[in-house]
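Structure first, then comments.
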Amino acid sequence: MLSQPSAATVRATLPVVGGAIGDITGRFYDRLFTAHPELLRDLFNRGNQAAGTQRQALAGSIAAFATYLVEHPDERPDVMLRRIAHKHASLGVAPDQYAVVHEHLFAAIAEVLGDAVTPEVAAAWDEVYWLMANALIAIEARLYAEQGVTADDVWREWEVVGRVEETPEVATFQLRPAAAFRVPDFRPGQYVSVQVQLPDGARQIRQYSLSAAPGSDLRQISVKRVRGGGPSPDGEVSGHLHAHAREGAVLRLSAPYGDLVLDESDADTPLLLASAGIGVTPMIAMLEQLAASGHRAPVTVVHADRSPAAHALRADHAAYTGKLPDAAAHFFYERPGPEQEHPAALTGRVDLAALPPLRAGTRAYLCGPLPFMREVRAQLIGRGVAPADIHYEVFGPDLWLGQA
């Protein structure tokens with residue numbers, strides 16, 4: 001809870017800090033990586049830094065957290081905090097790194113805002129920062145403990161034992177432990193971090209959803225090769241995996257994390273699983289689990305893609321849906337092709353109005369590009385789905401914090 005004096009100061013200065021937060025985060029990352037170049041090399045996503053999306057995500061999280069504190073003084077934005085904490089735990093973020101971030105962030109605030117940062121303003125925003133940081137540290141400590149790891153020991157070696165070319169741009173990798181260690185359980189919808197060493201010596205990390213349900217000694221991830229455009233370079237890790245991860249290769253994986261998971265009370269709840277592009281991966285794991293558990297409540301499956309040929313795991317998508325007693329799949333393609341054989345395939349962008357009405361009490365799970373999820377979320381709310389029943393996952397920096 002933010003103290004009353006600090007709440008008043010943050011409320012008064014939020015427009016100024018919020019208006020300058022882009023400059024502040026830009027200065028912050030410049031300072032941080034000058035002092036600690038190893039963080040850019042081995043922890044932060046260099047592609048997201050080049051595109052500026054990581055800076056936008058940090059700015060958004062700080063502004064969203066501060067806004068929530070002053071608007072809800074007796075509450076905490078736990079959904080936002082959990083989502084961030086899961087990402088941090090998958091990267092091995094340690095408690096002492098928050099002090100490093102604090103040092104350079106507050107130096108950046110002073111540089112950008114100058115004399116506007118009075119002792120009272122500095123103290124109030126310091127309180128905001130440590131409320132957020134300490135909450136994340138506590139959540140991350142619980143996540144590490146649940147997985148039986150520590151922040152400095154998150155990586156385990158897994159061997160590639162199978163590879164399937166799903167589409168020209170997506171490959172599925174099947175993995176088994178390369179040595180004896182405790183293999184943690186996971187829930188459908190979760191992801192693992194994969195760390196690879198690149199030719200320049202950098203150890204870059206990316207998150208990939210597990211694209212098969214629990215119940216096997218194997219892990220499965222499906223990786224889309226990221227093509228650059230504009231300020232964004234080609235994906236370093238996805239390109240490396242596509243080029244080098246053949247059978248016998250050894251990859252370093254984190255334990256599973258992520259909060260986009262089926263609620264344990266969903267057995268009698270109507271569900272909607274909506275995805276676009278490579279956002280299909282957590283939905284495949286969810287569908288496989290639903291089919292294996294004999295889920296009998298209605299399930300509406302929605303997917304959007306460029307074409308049937310680009311739809312990764314398309315056969316699994318249809319097959320698992322077909323195993324459910326009350327489920328229907330609706331695939332939307334921008335460019336239909338001769339392989340568009342699914343009877344429910346549609347042309348164009350996702351339009352829920354083209355589907356049968358959703359059942360009352362539907363809970364929705366979304367994964368895909370942000371424009372897709374924003375549009376589907378708006379359509380769902382318009383069709384009576386409660387905002388609290390709409391859950392989402394973002395690949396990469398979360399630029400949607402506090403909005404869902």
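To be explicit about the labels: the chains of the structure tokens are called A, B, and onward in the order shown, and within each one the residues are counted from 1, while ligands get numbers from 1 in the order they are shown.
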If we count only C-alpha atoms and set the cut-off at 9 Å, which residues sit around Thr347 (chain A), ignoring sequence neighbours fewer than 4 positions away in its own chain? Please answer as a list of chain:residue names.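 Listing them by chain and then by number gives A:Phe331, A:Phe332, A:Tyr333, A:Glu334, A:Arg335, A:Pro336.
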Excluding Arg46 (chain A) and any residue of its chain fewer than 5 positions from it, enumerate the residues within 8 Å of it, using only C-alpha atoms, and give them as a ChimeraX atom specification. /A:40-41,204
To test your reading of the structure, identify every residue in region 98-329 of chain A that backbone DSSP assigns to strand (DSSP E), and report it as a VMD selection string. chain A and resid 156 to 167 170 to 177 191 to 197 203 to 209 219 to 224 250 to 253 271 to 276 299 to 305 327 to 329
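In terms of minimum interatomic distance to Ser3 (chain A), A:Trp125 ranks closest within A:Phe33, A:Phe186, A:Trp125, A:Tyr98, counting only C-alpha atoms.
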Residues of region 128-241 of chain A within 12 Å of region 355-369 of chain A: nearest atom pair and distance (Å, one decimal) for each, counting only C-alpha atoms, sorted by chain and number, as CSV?
```
residue,atom,partner,partner_atom,distance
A:Pro188,CA,A:Tyr365,CA,11.8
A:Gly189,CA,A:Tyr365,CA,9.5
A:Gln190,CA,A:Cys367,CA,11.7
A:Ser209,CA,A:Cys367,CA,10.5
```
Would you pick out the contacts of Ala138 (chain A) at 10 Å or less, using only C-alpha atoms, so that residues sharing its chain but fewer than 4 positions from it are not included, and give the list as a list of chain:residue names?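 In the requested format, the answer is A:Ala85, A:Pro95, A:Ala133, A:Asn134, A:Arg142, A:Leu143.
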Write out as a count of residues only all residues of region 76-272 of chain A that backbone DSSP assigns to alpha helix (DSSP H). 70
Name all residues at most 7 Å from region 281-291 of chain A (count only C-alpha atoms; drop same-chain ones fewer than 3 positions away) and give them as an MDAnalysis selection string. chainID A and resid 188:190 209:213 222 273 278 294:295 317 320:321 323:324
Using only C-alpha atoms, I'd like a table of the residues in region 64-170 of chain A that come within 10 Å of region 299-313 of chain A; for each, show the closest atom pair and its distance in Å rounded to one decimal, ordered by chain and ascending number, as a Markdown table.
```
| residue | atom | partner | partner_atom | distance |
| --- | --- | --- | --- | --- |
| A:Glu165 | CA | A:Ala312 | CA | 9.2 |
| A:Glu166 | CA | A:Ala312 | CA | 5.5 |
| A:Thr167 | CA | A:Ala312 | CA | 6.0 |
| A:Pro168 | CA | A:Ala310 | CA | 7.8 |
| A:Glu169 | CA | A:Ala310 | CA | 7.8 |
| A:Val170 | CA | A:Ala312 | CA | 6.6 |
```
Pick from A:Leu43, A:Ala59, A:Ala50, A:Val161: nearest to Ala94 (chain A), with only C-alpha atoms counted?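 Nearest to Ala94 (chain A): A:Leu43.
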Check the smallest atom-to-atom distance from each of A:Ala315, A:Pro184, A:Glu111, A:Leu198 to His240 (chain A) using only C-alpha atoms, then report the winner.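 When distances to His240 (chain A) are compared using only C-alpha atoms, the smallest one comes from A:Leu198.
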Distance of CA of Ile137 (chain A) from CA of His36 (chain A), expressed in Å to one decimal place: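 Separating CA of His36 (chain A) from CA of Ile137 (chain A) is a distance of 20.7 Å.
Closest approach to Met80 (chain A) from the set A:Glu393, A:Glu159, A:Asp217, A:Asp234 is made by A:Glu393, with distances taken over only C-alpha atoms.
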Determine, counting only C-alpha atoms, which protein, DNA and RNA residues have an atom within 10 Å of an atom of Val93 (chain A); residues of the same chain fewer than 2 positions away are not included. Present the result as a list in words.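 Listing them by chain and then by number gives Leu43, Ala85, Lys87, His88, Ala89, Ser90, Leu91, Pro95, Asp96, Gln97, Tyr98, Ile137, Glu140, Thr150, Ala151, Asp152 and Val154 of chain A.
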Top pick for closest residue to Ala66 (chain A), considering A:Ala388, A:Ala354, A:Met132, A:Val237 and counting only C-alpha atoms: A:Met132
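Taking CA of Val112 (chain A) and CA of Tyr29 (chain A) as endpoints, the distance between them is 13.2 Å.
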